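Novice: Quick one: the structure is below, questions incoming.
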Amino acid sequence: MGFLSRLLGICRTRPPAAPEAWRYAQGSLEIELPRVQELEQPGGAVRLEGRGLPVRVLIVHGEDGEYHAFRNHCTHAGRRLDPLPGQPNLMCCSVNKSTYDYHGDKLAGPAKGPVDTYPVDRRGHLLIVDLSETG
Ligand code: FES
C-alpha cells in the first residue's frame, strides 16, 4: 500500500460488488455468502457501511479459515482497517499502521486499545453477525 494512500487513509478493502447481498435490522447483520465473491477465499474481506448500520463493519475470511467481524474503526484515530495478506492480523490504513489480531487485540502501533469484534454465526449460506454484542 502506497504512502499517499496511507496519508489519505484510503483502505484496500472495498464494499461488496453485490450491495444487495447484505442487510441489517435490529442488531443483526445478514450476509449471503454465495453472492459475496470477495469472501470466497481465506484472506478476503469486505467493508459494510451505511444503510442503517450503527457502525462501519469489516468482515474477514480469515487465514484461519473462519469468518471474523470487526468494528472498522482504528482506536488510534478512527481510520479503516484491512486484513494483512498471509497473516492472521489486521492493519490500519493510516501512516501509523496500528495492527490487531483476530481477537481485536492491539499488537503494535499507537492504537489506544482493542477494536471491537462481533460474534459471527454461519447458518448454511448465511453469515449472521450480532452487532448487539461486542467481544
Ligand atoms: S488511525 Fe490507525 S494508527 Fe492512526
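Please note that chains go A, B, ... in the order of the C-alpha cells, that every chain numbers its residues from 1, and that ligands are numbered from 1 in the order shown.
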Return as a list in words the residues of protein, DNA or RNA that approach ligand 1 to within 8 Å, with only C-alpha atoms and all ligand atoms taken into account.
Specialist: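 Residues satisfying the distance criterion: His73, Cys74, Thr75, His76, Ala77, Gly78, Arg79, Arg80, Leu81, Met91, Cys92, Cys93, Ser94, Val95, Asn96, Lys97, Ser98, Thr99, Gly109, Pro110 and Ala111 of chain A.
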Novice: For the residues selected in the previous step, produce a file with C-alpha atoms as an mmCIF file, in the first residue's frame.
Specialist:
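Generated output (again.cif):
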```cif
data_model
loop_
_atom_site.group_PDB
_atom_site.id
_atom_site.type_symbol
_atom_site.label_atom_id
_atom_site.label_comp_id
_atom_site.auth_asym_id
_atom_site.auth_seq_id
_atom_site.Cartn_x
_atom_site.Cartn_y
_atom_site.Cartn_z
ATOM 1 C CA HIS A 73 -12.500 1.893 13.293
ATOM 2 C CA CYS A 74 -8.876 2.025 14.454
ATOM 3 C CA THR A 75 -8.693 3.032 18.097
ATOM 4 C CA HIS A 76 -5.900 5.499 17.352
ATOM 5 C CA ALA A 77 -7.776 7.981 15.175
ATOM 6 C CA GLY A 78 -10.608 6.037 13.622
ATOM 7 C CA ARG A 79 -9.237 5.063 10.213
ATOM 8 C CA ARG A 80 -10.420 1.903 8.495
ATOM 9 C CA LEU A 81 -8.666 -1.478 8.762
ATOM 10 C CA MET A 91 -3.619 -3.286 9.869
ATOM 11 C CA CYS A 92 -4.867 0.283 9.996
ATOM 12 C CA CYS A 93 -4.691 2.003 6.603
ATOM 13 C CA SER A 94 -3.103 5.165 8.039
ATOM 14 C CA VAL A 95 0.606 6.000 8.069
ATOM 15 C CA ASN A 96 0.838 4.827 11.673
ATOM 16 C CA LYS A 97 -0.151 1.226 10.809
ATOM 17 C CA SER A 98 -1.589 0.007 14.090
ATOM 18 C CA THR A 99 -2.065 -3.761 13.927
ATOM 19 C CA GLY A 109 1.230 0.942 16.779
ATOM 20 C CA PRO A 110 -0.318 3.937 18.512
ATOM 21 C CA ALA A 111 -3.841 2.428 18.846
#
```
Novice: Residues within 6 Å of A:Pro16, please, as a ChimeraX atom specification. Count only C-alpha atoms; anything in the same chain fewer than 2 positions from it doesn't count.
Specialist: /A:18-19,46
Novice: So what do you get for atom CA of A:Lys106 versus atom CA of A:Gly62, distance-wise?
Specialist: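 Going from atom CA of A:Lys106 over to atom CA of A:Gly62 covers 16.9 Å.
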Novice: Enumerate the residues of stretch 11-97 of chain A with a DSSP assignment of helix (DSSP H, G or I), computed from the backbone, and present them as a PyMOL selection string.
Specialist: chain A and resi 19-21+33-35+37-39
Novice: From a backbone DSSP assignment, name each residue in stretch 22-106 of chain A labelled strand (DSSP E or B), as number ranges by chain.
Specialist: A: 22-25, 28-32, 45-48, 57-61, 67-71, 81-83, 89-92, 99-101, 106
Novice: Quick one: distance from atom CA of A:Ala69 to atom CA of A:Ile128 in Å, one decimal?
Specialist: 9.9 Å
